[in-house]
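Enquirer: Enclosed is the structure file query.cif (mmCIF, C-alpha atoms).
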```
data_protein
loop_
_atom_site.group_PDB
_atom_site.id
_atom_site.type_symbol
_atom_site.label_atom_id
_atom_site.label_comp_id
_atom_site.auth_asym_id
_atom_site.auth_seq_id
_atom_site.Cartn_x
_atom_site.Cartn_y
_atom_site.Cartn_z
ATOM 1 C CA MET P 249 0.000 0.000 0.000
ATOM 2 C CA LYS P 250 1.388 3.392 -0.996
ATOM 3 C CA TYR P 251 1.794 5.981 1.769
ATOM 4 C CA ASN P 252 -1.133 8.387 1.840
ATOM 5 C CA PRO P 253 -0.708 11.291 4.311
ATOM 6 C CA GLU P 254 -4.490 11.765 4.630
ATOM 7 C CA TYR P 255 -5.038 8.081 5.431
ATOM 8 C CA HIS P 256 -2.058 7.751 7.762
ATOM 9 C CA HIS P 257 -2.608 10.993 9.674
ATOM 10 C CA ARG P 258 -3.150 10.267 13.348
ATOM 11 C CA ARG P 259 -4.600 12.928 15.585
ATOM 12 C CA SER P 260 -2.771 13.199 18.889
ATOM 13 C CA ILE P 261 -4.740 12.005 21.899
ATOM 14 C CA ARG P 262 -2.578 14.135 24.207
ATOM 15 C CA LEU P 263 -4.148 17.115 25.985
ATOM 16 C CA LYS P 264 -2.526 20.336 24.796
ATOM 17 C CA GLU P 265 -3.000 22.112 28.123
ATOM 18 C CA TYR P 266 -1.818 19.222 30.326
ATOM 19 C CA ASP P 267 1.727 18.993 31.699
ATOM 20 C CA TYR P 268 2.629 15.336 31.134
ATOM 21 C CA THR P 269 5.804 15.669 33.179
ATOM 22 C CA ASN P 270 3.717 15.659 36.369
ATOM 23 C CA PRO P 271 3.220 12.422 38.283
ATOM 24 C CA ASN P 272 -0.235 11.018 37.643
ATOM 25 C CA TRP P 273 -2.596 8.077 37.366
ATOM 26 C CA TYR P 274 -3.353 6.841 33.853
ATOM 27 C CA TYR P 275 -5.953 4.417 32.564
ATOM 28 C CA ILE P 276 -4.682 2.623 29.475
ATOM 29 C CA THR P 277 -6.158 0.269 26.902
ATOM 30 C CA ILE P 278 -4.012 -1.720 24.494
ATOM 31 C CA CYS P 279 -5.604 -3.812 21.727
ATOM 32 C CA THR P 280 -4.325 -6.590 19.534
ATOM 33 C CA HIS P 281 -4.024 -5.912 15.812
ATOM 34 C CA ASN P 282 -7.455 -6.159 14.167
ATOM 35 C CA LYS P 283 -8.830 -7.102 17.598
ATOM 36 C CA LYS P 284 -7.835 -10.719 17.069
ATOM 37 C CA CYS P 285 -8.320 -12.846 20.194
ATOM 38 C CA PHE P 286 -4.970 -14.160 21.443
ATOM 39 C CA PHE P 287 -5.154 -14.068 25.253
ATOM 40 C CA GLY P 288 -7.823 -16.619 26.179
ATOM 41 C CA GLU P 289 -11.584 -16.689 26.390
ATOM 42 C CA ILE P 290 -14.488 -15.637 28.562
ATOM 43 C CA LYS P 291 -16.348 -18.588 30.106
ATOM 44 C CA GLU P 292 -19.142 -18.129 32.597
ATOM 45 C CA GLU P 293 -18.303 -14.416 32.750
ATOM 46 C CA LYS P 294 -14.682 -15.068 33.799
ATOM 47 C CA MET P 295 -11.548 -14.534 31.764
ATOM 48 C CA LEU P 296 -9.552 -17.737 31.333
ATOM 49 C CA LEU P 297 -6.013 -16.873 30.302
ATOM 50 C CA ASN P 298 -4.162 -19.080 27.859
ATOM 51 C CA ASN P 299 -0.346 -19.032 27.538
ATOM 52 C CA PRO P 300 -0.190 -15.699 25.664
ATOM 53 C CA GLY P 301 -2.601 -14.202 28.217
ATOM 54 C CA LYS P 302 -0.356 -15.396 31.036
ATOM 55 C CA ILE P 303 2.613 -13.772 29.290
ATOM 56 C CA VAL P 304 0.698 -10.457 29.192
ATOM 57 C CA GLU P 305 0.001 -10.744 32.919
ATOM 58 C CA GLU P 306 3.600 -11.687 33.790
ATOM 59 C CA GLU P 307 5.041 -8.809 31.764
ATOM 60 C CA TRP P 308 2.532 -6.326 33.198
ATOM 61 C CA LEU P 309 3.495 -7.301 36.752
ATOM 62 C CA LYS P 310 7.206 -7.113 35.837
ATOM 63 C CA THR P 311 6.610 -3.503 34.806
ATOM 64 C CA ARG P 312 6.361 -2.555 38.475
ATOM 65 C CA GLU P 313 9.376 -4.654 39.457
ATOM 66 C CA ILE P 314 11.775 -3.073 36.968
ATOM 67 C CA ARG P 315 10.587 0.537 37.312
ATOM 68 C CA GLU P 316 10.671 1.882 40.858
ATOM 69 C CA TYR P 317 8.960 5.105 39.774
ATOM 70 C CA ILE P 318 5.628 3.437 38.932
ATOM 71 C CA ASP P 319 2.985 1.381 40.628
ATOM 72 C CA LEU P 320 0.103 -0.603 39.194
ATOM 73 C CA ASP P 321 -3.543 -0.604 40.192
ATOM 74 C CA ASN P 322 -6.441 -2.612 38.761
ATOM 75 C CA TYR P 323 -6.030 -4.354 35.408
ATOM 76 C CA VAL P 324 -7.814 -6.933 33.303
ATOM 77 C CA ILE P 325 -6.664 -9.017 30.369
ATOM 78 C CA MET P 326 -9.443 -9.687 27.886
ATOM 79 C CA PRO P 327 -9.348 -11.989 24.831
ATOM 80 C CA ASN P 328 -8.119 -9.221 22.505
ATOM 81 C CA HIS P 329 -7.240 -6.253 24.679
ATOM 82 C CA PHE P 330 -5.853 -5.135 27.988
ATOM 83 C CA HIS P 331 -7.005 -2.448 30.452
ATOM 84 C CA GLY P 332 -4.845 -1.205 33.295
ATOM 85 C CA ILE P 333 -4.197 1.650 35.665
ATOM 86 C CA ILE P 334 -0.621 2.803 35.988
ATOM 87 C CA ILE P 335 0.568 5.242 38.628
ATOM 88 C CA GLU P 336 3.578 7.265 37.558
ATOM 89 C CA SER P 337 5.611 9.189 40.094
ATOM 90 C CA SER P 338 8.092 10.723 37.648
ATOM 91 C CA VAL P 339 7.648 11.828 34.048
ATOM 92 C CA GLY P 340 4.652 11.605 31.788
ATOM 93 C CA ALA P 341 3.446 10.556 28.385
ATOM 94 C CA THR P 342 5.183 12.718 25.821
ATOM 95 C CA ARG P 343 7.993 12.378 23.316
ATOM 96 C CA TRP P 344 11.008 14.633 23.210
ATOM 97 C CA VAL P 345 13.189 15.843 20.402
ATOM 98 C CA ALA P 346 16.882 15.188 20.872
ATOM 99 C CA PRO P 347 19.008 18.299 20.363
ATOM 100 C CA GLN P 348 21.172 18.506 17.295
ATOM 101 C CA ALA P 349 24.786 17.559 17.836
ATOM 102 C CA PRO P 350 27.000 20.657 17.605
ATOM 103 C CA GLN P 351 29.472 18.844 15.348
ATOM 104 C CA ALA P 352 26.702 17.993 12.859
ATOM 105 C CA PRO P 353 24.686 21.183 12.287
ATOM 106 C CA THR P 354 22.923 19.815 9.219
ATOM 107 C CA ALA P 355 21.796 16.603 10.910
ATOM 108 C CA LEU P 356 18.066 16.086 11.319
ATOM 109 C CA LYS P 357 16.619 16.097 14.813
ATOM 110 C CA ALA P 358 15.673 12.605 15.973
ATOM 111 C CA THR P 359 12.320 12.073 17.675
ATOM 112 C CA THR P 360 12.650 9.488 20.413
ATOM 113 C CA LEU P 361 10.651 8.304 23.358
ATOM 114 C CA GLN P 362 11.502 10.042 26.583
ATOM 115 C CA PRO P 363 12.934 7.478 29.010
ATOM 116 C CA CYS P 364 10.510 6.699 31.849
ATOM 117 C CA SER P 365 7.569 8.215 29.952
ATOM 118 C CA LEU P 366 4.229 6.464 29.772
ATOM 119 C CA ALA P 367 4.792 5.948 26.042
ATOM 120 C CA ALA P 368 8.173 4.304 26.717
ATOM 121 C CA ILE P 369 6.691 2.049 29.412
ATOM 122 C CA ILE P 370 3.858 0.898 27.153
ATOM 123 C CA GLY P 371 6.216 0.479 24.183
ATOM 124 C CA GLN P 372 8.579 -1.697 26.211
ATOM 125 C CA PHE P 373 5.673 -3.722 27.610
ATOM 126 C CA LYS P 374 4.265 -4.342 24.126
ATOM 127 C CA SER P 375 7.709 -5.262 22.806
ATOM 128 C CA LYS P 376 8.432 -7.775 25.595
ATOM 129 C CA VAL P 377 5.009 -9.399 25.240
ATOM 130 C CA THR P 378 5.366 -9.645 21.463
ATOM 131 C CA LYS P 379 8.820 -11.211 21.692
ATOM 132 C CA ARG P 380 7.728 -13.810 24.253
ATOM 133 C CA ILE P 381 4.515 -14.719 22.409
ATOM 134 C CA LYS P 382 6.451 -15.199 19.163
ATOM 135 C CA GLN P 383 8.989 -17.373 21.035
ATOM 136 C CA ILE P 384 6.191 -19.824 21.901
ATOM 137 C CA GLY P 385 5.369 -20.171 18.204
ATOM 138 C CA ILE P 386 2.582 -17.637 17.631
ATOM 139 C CA HIS P 387 4.283 -15.725 14.842
ATOM 140 C CA ASN P 388 1.226 -13.769 13.664
ATOM 141 C CA PHE P 389 0.763 -11.935 16.972
ATOM 142 C CA LYS P 390 0.758 -8.142 16.703
ATOM 143 C CA TRP P 391 -0.465 -5.272 18.826
ATOM 144 C CA GLN P 392 -2.548 -2.462 17.397
ATOM 145 C CA ARG P 393 -0.442 0.621 16.792
ATOM 146 C CA ASN P 394 -0.451 3.060 19.718
ATOM 147 C CA TYR P 395 -2.723 2.739 22.759
ATOM 148 C CA TYR P 396 -5.529 4.629 24.487
ATOM 149 C CA GLU P 397 -4.757 6.648 27.585
ATOM 150 C CA HIS P 398 -6.911 8.628 29.964
ATOM 151 C CA ILE P 399 -5.618 10.829 32.775
ATOM 152 C CA ILE P 400 -7.485 9.932 35.948
ATOM 153 C CA ARG P 401 -8.450 13.316 37.344
ATOM 154 C CA ASN P 402 -10.259 12.584 40.606
ATOM 155 C CA GLU P 403 -11.609 9.884 42.955
ATOM 156 C CA GLU P 404 -14.910 9.629 41.086
ATOM 157 C CA ASP P 405 -13.074 9.015 37.818
ATOM 158 C CA LEU P 406 -10.836 6.422 39.514
ATOM 159 C CA PHE P 407 -13.839 4.608 41.024
ATOM 160 C CA ARG P 408 -15.672 4.526 37.658
ATOM 161 C CA ILE P 409 -12.596 3.136 35.842
ATOM 162 C CA ARG P 410 -11.874 0.529 38.521
ATOM 163 C CA LYS P 411 -15.499 -0.638 38.288
ATOM 164 C CA TYR P 412 -15.287 -0.795 34.494
ATOM 165 C CA ILE P 413 -12.123 -2.918 34.681
ATOM 166 C CA GLU P 414 -13.641 -5.220 37.294
ATOM 167 C CA LEU P 415 -16.871 -5.754 35.326
ATOM 168 C CA ASN P 416 -15.283 -6.001 31.870
ATOM 169 C CA PRO P 417 -15.415 -9.841 31.660
ATOM 170 C CA LEU P 418 -19.095 -9.782 32.705
ATOM 171 C CA LYS P 419 -19.920 -7.437 29.829
ATOM 172 C CA TRP P 420 -17.761 -9.088 27.166
ATOM 173 C CA LYS P 421 -20.539 -9.733 24.648
ATOM 174 C CA SER P 422 -21.557 -6.070 24.705
ATOM 175 C CA ASP P 423 -17.945 -4.797 24.737
ATOM 176 C CA LYS P 424 -16.897 -2.644 21.778
ATOM 177 C CA TYR P 425 -13.871 -4.946 21.311
ATOM 178 C CA TYR P 426 -16.018 -8.107 21.125
ATOM 179 C CA LEU P 427 -15.787 -9.858 17.745
#
```
Could you show the structure in this file as structure tokens?

Expert:
Amino acid sequence: MKYNPEYHHRRSIRLKEYDYTNPNWYYITICTHNKKCFFGEIKEEKMLLNNPGKIVEEEWLKTREIREYIDLDNYVIMPNHFHGIIIESSVGATRWVAPQAPQAPTALKATTLQPCSLAAIIGQFKSKVTKRIKQIGIHNFKWQRNYYEHIIRNEEDLFRIRKYIELNPLKWKSDKYYL
């Protein structure tokens, strides 16, 4: 498929007025490519994880172990997506532009993920999960590009999101990700 800037344009989901370098609570959703079910199935309103689903859970829990500046709250792994709450105590969810090297004034600026950012955490999580799932022989596994994030602004918002995560397996057949 030839590159089409109108087709490939992605609108930023970041809030222009929000300072993403502040510590915060984020609700995230990550989907598999084309919402293909890889992580298990819902039976009797409970999520039963298969091996790839267990890998997602293991890697999510490792996220807290290897990054002392975050904590994890409620999460749920569904057949084709993942919801979680991540608590960041350092930097936020933006990218940064590396400064040009003084010895190379004509070099282009490189856009990279800011270390410790929400985007870097999610990117590393997705990468680790993908690598491990492919190692067990599921070579067609892919995540959807990007992820959804929501800044949790108050206790009411937190309560609503926690309830949504908790009840997600019960509402699977009416879920927008259900195929």

Enquirer: Just say which residues the PyMOL selection byres ((chain P and resi 274-283) around 6) picks in this file, as a VMD selection string.

Expert: chain P and resid 273 284 328 to 334 390 to 392 395 to 400

Enquirer: Restricting the calculation to all atoms listed in the file: of P:Asp423, P:Asp405, P:Glu414, P:Glu292, which residue gets closest to P:Asn322?

Expert: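 Nearest to P:Asn322: P:Glu414.
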
Enquirer: In terms of the shortest atom-to-atom distance over all atoms listed in the file, which of P:Ile335, P:Met326, P:Cys285, P:Leu297 is closest to P:Leu406?

Expert: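 Selected residue with least distance to P:Leu406: P:Ile335.
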
Enquirer: Convert the output of the PyMOL selection byres ((chain P and resi 316) around 12) on the shown file into explicit residues, formatted as a list in words.

Expert: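 Checked against the file, the PyMOL selection byres ((chain P and resi 316) around 12) matches Lys310, Thr311, Arg312, Glu313, Ile314, Arg315, Tyr317, Ile318, Asp319, Leu320, Ile335, Glu336, Ser337, Ser338 and Cys364 of chain P.
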
Enquirer: Which is closer to P:Gly288 than all the others in P:Glu307, P:Ser422, P:Phe373, P:Pro417, using only C-alpha atoms?

Expert: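 Among the listed residues, the smallest separation from P:Gly288 belongs to P:Pro417.
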
Enquirer: To one decimal place in Å, what is the distance between atom CA of P:Lys419 and atom CA of P:Phe287?

Expert: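 Straight-line distance from atom CA of P:Lys419 to atom CA of P:Phe287 works out to 16.8 Å.
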
Enquirer: I'd like to know which of P:Val324, P:Ile369, P:Leu296, P:Ile290 is closest to P:Ile413, using all atoms listed in the file.

Expert: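 Closest residue, counting all atoms listed in the file: P:Val324.
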
Enquirer: Distance atom CA of P:Glu306-atom CA of P:Lys374, one decimal place?

Expert: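 Calculated distance between atom CA of P:Glu306 and atom CA of P:Lys374 is 12.2 Å.
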
Enquirer: Tell me which of P:Tyr412, P:Phe407, P:Phe389, P:Phe286 sits closest to P:Asn299, counting all atoms listed in the file.

Expert: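 Smallest separation from P:Asn299 among the options: P:Phe286.
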
Enquirer: Since the input lacks atoms, please generate N, CA and C atoms for stretch 386-421 of chain P and provide them as a PDB file, in the coordinates of the input.

Expert:
```
ATOM      1  N   ILE P 386       3.721 -18.374  18.186  1.00  0.00           N
ATOM      2  CA  ILE P 386       2.582 -17.637  17.631  1.00  0.00           C
ATOM      3  C   ILE P 386       3.160 -16.438  16.867  1.00  0.00           C
ATOM      4  N   HIS P 387       3.531 -16.701  15.627  1.00  0.00           N
ATOM      5  CA  HIS P 387       4.283 -15.725  14.842  1.00  0.00           C
ATOM      6  C   HIS P 387       3.422 -14.619  14.247  1.00  0.00           C
ATOM      7  N   ASN P 388       2.095 -14.798  14.235  1.00  0.00           N
ATOM      8  CA  ASN P 388       1.226 -13.769  13.664  1.00  0.00           C
ATOM      9  C   ASN P 388       0.706 -12.785  14.715  1.00  0.00           C
ATOM     10  N   PHE P 389       1.214 -12.862  15.931  1.00  0.00           N
ATOM     11  CA  PHE P 389       0.763 -11.935  16.972  1.00  0.00           C
ATOM     12  C   PHE P 389       1.286 -10.531  16.706  1.00  0.00           C
ATOM     13  N   LYS P 390       0.392  -9.551  16.817  1.00  0.00           N
ATOM     14  CA  LYS P 390       0.758  -8.142  16.703  1.00  0.00           C
ATOM     15  C   LYS P 390      -0.185  -7.323  17.580  1.00  0.00           C
ATOM     16  N   TRP P 391       0.356  -6.248  18.128  1.00  0.00           N
ATOM     17  CA  TRP P 391      -0.465  -5.272  18.826  1.00  0.00           C
ATOM     18  C   TRP P 391      -0.984  -4.248  17.820  1.00  0.00           C
ATOM     19  N   GLN P 392      -2.087  -3.629  18.139  1.00  0.00           N
ATOM     20  CA  GLN P 392      -2.548  -2.462  17.397  1.00  0.00           C
ATOM     21  C   GLN P 392      -1.541  -1.340  17.624  1.00  0.00           C
ATOM     22  N   ARG P 393      -1.347  -0.520  16.646  1.00  0.00           N
ATOM     23  CA  ARG P 393      -0.442   0.621  16.792  1.00  0.00           C
ATOM     24  C   ARG P 393      -1.003   1.561  17.860  1.00  0.00           C
ATOM     25  N   ASN P 394      -0.117   2.101  18.679  1.00  0.00           N
ATOM     26  CA  ASN P 394      -0.451   3.060  19.718  1.00  0.00           C
ATOM     27  C   ASN P 394      -1.267   2.404  20.836  1.00  0.00           C
ATOM     28  N   TYR P 395      -1.906   3.201  21.639  1.00  0.00           N
ATOM     29  CA  TYR P 395      -2.723   2.739  22.759  1.00  0.00           C
ATOM     30  C   TYR P 395      -3.621   3.893  23.168  1.00  0.00           C
ATOM     31  N   TYR P 396      -4.643   3.591  23.966  1.00  0.00           N
ATOM     32  CA  TYR P 396      -5.529   4.629  24.487  1.00  0.00           C
ATOM     33  C   TYR P 396      -5.068   4.968  25.894  1.00  0.00           C
ATOM     34  N   GLU P 397      -5.072   6.226  26.217  1.00  0.00           N
ATOM     35  CA  GLU P 397      -4.757   6.648  27.585  1.00  0.00           C
ATOM     36  C   GLU P 397      -5.779   7.667  28.050  1.00  0.00           C
ATOM     37  N   HIS P 398      -6.013   7.661  29.335  1.00  0.00           N
ATOM     38  CA  HIS P 398      -6.911   8.628  29.964  1.00  0.00           C
ATOM     39  C   HIS P 398      -6.269   9.035  31.279  1.00  0.00           C
ATOM     40  N   ILE P 399      -6.148  10.333  31.508  1.00  0.00           N
ATOM     41  CA  ILE P 399      -5.618  10.829  32.775  1.00  0.00           C
ATOM     42  C   ILE P 399      -6.737  10.749  33.798  1.00  0.00           C
ATOM     43  N   ILE P 400      -6.484  10.056  34.886  1.00  0.00           N
ATOM     44  CA  ILE P 400      -7.485   9.932  35.948  1.00  0.00           C
ATOM     45  C   ILE P 400      -7.402  11.205  36.787  1.00  0.00           C
ATOM     46  N   ARG P 401      -8.487  11.971  36.782  1.00  0.00           N
ATOM     47  CA  ARG P 401      -8.450  13.316  37.344  1.00  0.00           C
ATOM     48  C   ARG P 401      -8.929  13.430  38.793  1.00  0.00           C
ATOM     49  N   ASN P 402      -9.735  12.480  39.244  1.00  0.00           N
ATOM     50  CA  ASN P 402     -10.259  12.584  40.606  1.00  0.00           C
ATOM     51  C   ASN P 402     -10.729  11.212  41.099  1.00  0.00           C
ATOM     52  N   GLU P 403     -11.171  11.152  42.341  1.00  0.00           N
ATOM     53  CA  GLU P 403     -11.609   9.884  42.955  1.00  0.00           C
ATOM     54  C   GLU P 403     -12.814   9.285  42.234  1.00  0.00           C
ATOM     55  N   GLU P 404     -13.725  10.113  41.798  1.00  0.00           N
ATOM     56  CA  GLU P 404     -14.910   9.629  41.086  1.00  0.00           C
ATOM     57  C   GLU P 404     -14.511   8.949  39.777  1.00  0.00           C
ATOM     58  N   ASP P 405     -13.605   9.566  39.069  1.00  0.00           N
ATOM     59  CA  ASP P 405     -13.074   9.015  37.818  1.00  0.00           C
ATOM     60  C   ASP P 405     -12.372   7.678  38.090  1.00  0.00           C
ATOM     61  N   LEU P 406     -11.551   7.641  39.133  1.00  0.00           N
ATOM     62  CA  LEU P 406     -10.836   6.422  39.514  1.00  0.00           C
ATOM     63  C   LEU P 406     -11.818   5.305  39.853  1.00  0.00           C
ATOM     64  N   PHE P 407     -12.842   5.607  40.637  1.00  0.00           N
ATOM     65  CA  PHE P 407     -13.839   4.608  41.024  1.00  0.00           C
ATOM     66  C   PHE P 407     -14.549   4.053  39.785  1.00  0.00           C
ATOM     67  N   ARG P 408     -14.968   4.946  38.870  1.00  0.00           N
ATOM     68  CA  ARG P 408     -15.672   4.526  37.658  1.00  0.00           C
ATOM     69  C   ARG P 408     -14.792   3.604  36.808  1.00  0.00           C
ATOM     70  N   ILE P 409     -13.513   3.942  36.656  1.00  0.00           N
ATOM     71  CA  ILE P 409     -12.596   3.136  35.842  1.00  0.00           C
ATOM     72  C   ILE P 409     -12.308   1.795  36.511  1.00  0.00           C
ATOM     73  N   ARG P 410     -12.090   1.796  37.815  1.00  0.00           N
ATOM     74  CA  ARG P 410     -11.874   0.529  38.521  1.00  0.00           C
ATOM     75  C   ARG P 410     -13.076  -0.396  38.350  1.00  0.00           C
ATOM     76  N   LYS P 411     -14.278   0.155  38.440  1.00  0.00           N
ATOM     77  CA  LYS P 411     -15.499  -0.638  38.288  1.00  0.00           C
ATOM     78  C   LYS P 411     -15.599  -1.184  36.866  1.00  0.00           C
ATOM     79  N   TYR P 412     -15.261  -0.359  35.890  1.00  0.00           N
ATOM     80  CA  TYR P 412     -15.287  -0.795  34.494  1.00  0.00           C
ATOM     81  C   TYR P 412     -14.325  -1.967  34.274  1.00  0.00           C
ATOM     82  N   ILE P 413     -13.114  -1.849  34.813  1.00  0.00           N
ATOM     83  CA  ILE P 413     -12.123  -2.918  34.681  1.00  0.00           C
ATOM     84  C   ILE P 413     -12.634  -4.193  35.347  1.00  0.00           C
ATOM     85  N   GLU P 414     -13.145  -4.064  36.538  1.00  0.00           N
ATOM     86  CA  GLU P 414     -13.641  -5.220  37.294  1.00  0.00           C
ATOM     87  C   GLU P 414     -14.778  -5.931  36.566  1.00  0.00           C
ATOM     88  N   LEU P 415     -15.690  -5.172  35.966  1.00  0.00           N
ATOM     89  CA  LEU P 415     -16.871  -5.754  35.326  1.00  0.00           C
ATOM     90  C   LEU P 415     -16.666  -6.107  33.855  1.00  0.00           C
ATOM     91  N   ASN P 416     -15.516  -5.787  33.292  1.00  0.00           N
ATOM     92  CA  ASN P 416     -15.283  -6.001  31.870  1.00  0.00           C
ATOM     93  C   ASN P 416     -15.565  -7.435  31.414  1.00  0.00           C
ATOM     94  N   PRO P 417     -15.096  -8.474  32.116  1.00  0.00           N
ATOM     95  CA  PRO P 417     -15.415  -9.841  31.660  1.00  0.00           C
ATOM     96  C   PRO P 417     -16.919 -10.154  31.690  1.00  0.00           C
ATOM     97  N   LEU P 418     -17.650  -9.549  32.620  1.00  0.00           N
ATOM     98  CA  LEU P 418     -19.095  -9.782  32.705  1.00  0.00           C
ATOM     99  C   LEU P 418     -19.826  -9.194  31.505  1.00  0.00           C
ATOM    100  N   LYS P 419     -19.265  -8.156  30.921  1.00  0.00           N
ATOM    101  CA  LYS P 419     -19.920  -7.437  29.829  1.00  0.00           C
ATOM    102  C   LYS P 419     -19.275  -7.716  28.478  1.00  0.00           C
ATOM    103  N   TRP P 420     -18.535  -8.794  28.367  1.00  0.00           N
ATOM    104  CA  TRP P 420     -17.761  -9.088  27.166  1.00  0.00           C
ATOM    105  C   TRP P 420     -18.596  -9.042  25.890  1.00  0.00           C
ATOM    106  N   LYS P 421     -19.758  -9.650  25.888  1.00  0.00           N
ATOM    107  CA  LYS P 421     -20.539  -9.733  24.648  1.00  0.00           C
ATOM    108  C   LYS P 421     -21.086  -8.387  24.204  1.00  0.00           C
TER     109      LYS P 421
END
```
